[in-house]
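Engineer: Take a look at the following structure, please.
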Amino acid sequence: MNFGRGGPSVVVLNVGGTRYSFAREVLKDFPLRRVSRLHGCLSEQDVLEVCDDYDRERNEYFFDRHAEAFGFIMLYVRYGHLRFVPHMCELSFYNEMIYWGLECSHLDYCCQRRLDDRMSDTYTFYSAEDLQAEPGSSHAAPPPGGEEKKWLERMRRTFEEPTSSVAAQILATVSVVFVIVSMVVLCASTTPEWRAAENRSMEEQSRYTADSVREPSGIIEAVCIGWFTAECIVRFIISKDKCEFVKRPLNIIDLLAITPYYISVLMTVFTGENSQLQRAGVTLRVLRMMRIFWVIKLARHFIGLQTLGLTLKRCYREMVMLLVFVCVAMAIFSALSQLLEHGLNLGKPNEGYSSIPAACWWVIISMTTVGYGDVCPITIPGRILGGICVVSGIVLLALPITFIYHSFVQCYHELKFRSARYGRSLSAEFLN
């Protein structure tokens, strides 16, 4: 039997329970490639390669696909406009489009932008390599190149994914312990008791001399720096793309946390005990305080900090909008407050509002409802303006918060799902 050119003149497509009838000659030039392929099928085997089932008596082709999505695709066939199904995931609808033979370019422009944003957000953490190598997935394929490639991939996951294996969790725990120890030493080294116990002056505290390195705090700091340096070097060596590795924010933070120590040591080696050159002690003190960046290293091991970073990355437009709102309000209220409190001479001039830049300080602490009280209006018009400033600050700060909140929730769920995928690998390792 010729399935493509003979038989009944009417063809029925049954997609998810919804039936569509067409004249057989329409299939030849049908806009959907999968449907048009039915015209050239010469056997039932060819038909079953295109659809899920076939009823020869009724000449009905069955497709186990999303019925509502196909309805919107048929609107494109009829009217030439393709839009997303309301309340349906953009990626799910895009998968339906690919199944029927459509591409992203067939979407209307507004929907193309939605799809681009959605794919950009998703593939920030779910790349094709992650999906192929997902633990427990039947489609997971071993990396090409033999045992060496498998070993490198396992090493990468051990250092990059704290929940991917028992070894990764141990490594992450050790890193967290080193961060905590370094932070405790940094905080304790600034207390008078610590300096008195080590019999060191404030000037000596800001320098890395040969004696200070042999002291307990110097030894602890050197050990922590050695661990962080070794970890960073190993992660760089086993990374696939060295340029991409250097561009990652967390790796930049690692570099900022490690580099000041070596700069300080080099400066001490070159300056020695020369009192003139030791004036760089302020610079060394600043470099030493840059160890506070080690706290951000915890973001590699805690979903909460990762969620915050990803939310700020995705919501930079809302953050810029919020900043613009605050700057415009500052310009208006600072000018008016300076005029009412100092410029019009309504009473005793208020020196806290002697200039517009000085009044900006009062505006920002009022809009954010901090209110230190160091500067405050004393005239009645100024106090009325202050009340308006506070209320306006609450309203302006609240406007973008909704968008940022929804993005935060979405980022949190995505990171939780990603962590759960590698958690399944960890569970399998315990079972084995």
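A note on labels: chains of the structure tokens are A, B, ... as shown, every chain counts residues from 1, and ligands are counted from 1 in their shown order.
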Give me the residues within 8 Å of Phe70 (chain A) as a PyMOL selection string, counting only C-alpha atoms and dropping any in the same chain fewer than 4 places off.
Structural biologist: chain A and resi 15+65-66+74+96
Engineer: Based on the selection just made, write C-alpha atoms of those residues as a short mmCIF file (atom, residue, chain, number, x, y, z; two decimals), in the first residue's frame.
Structural biologist:
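Everything below was put into result27.cif:
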data_model
loop_
_atom_site.label_atom_id
_atom_site.label_comp_id
_atom_site.auth_asym_id
_atom_site.auth_seq_id
_atom_site.Cartn_x
_atom_site.Cartn_y
_atom_site.Cartn_z
CA VAL A 15 -2.27 15.10 18.38
CA ARG A 65 2.50 15.41 21.92
CA HIS A 66 1.14 18.47 23.74
CA MET A 74 -1.50 25.34 13.80
CA GLU A 96 7.45 21.10 20.66
#
Engineer: To one decimal place, how far is CA of Asn14 (chain A) from CA of Asp64 (chain A) in Å?
Structural biologist: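 Between CA of Asn14 (chain A) and CA of Asp64 (chain A) the gap works out to 8.4 Å.
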Engineer: Figure out the distance between CA of Val320 (chain A) and CA of Ala335 (chain A), please, to one decimal in Å.
Structural biologist: 22.6 Å
Engineer: Counting only C-alpha atoms, figure out which residue out of A:Leu399, A:Tyr20, A:Leu415, A:Cys110 gets nearest to Gln306 (chain A).
Structural biologist: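 For Gln306 (chain A), the nearest of the given residues is A:Leu415.
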Engineer: In Å, rounded to a single decimal, give me how far CA of Val177 (chain A) is from CA of Phe302 (chain A).
Structural biologist: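 Distance between the two atoms: 13.5 Å.
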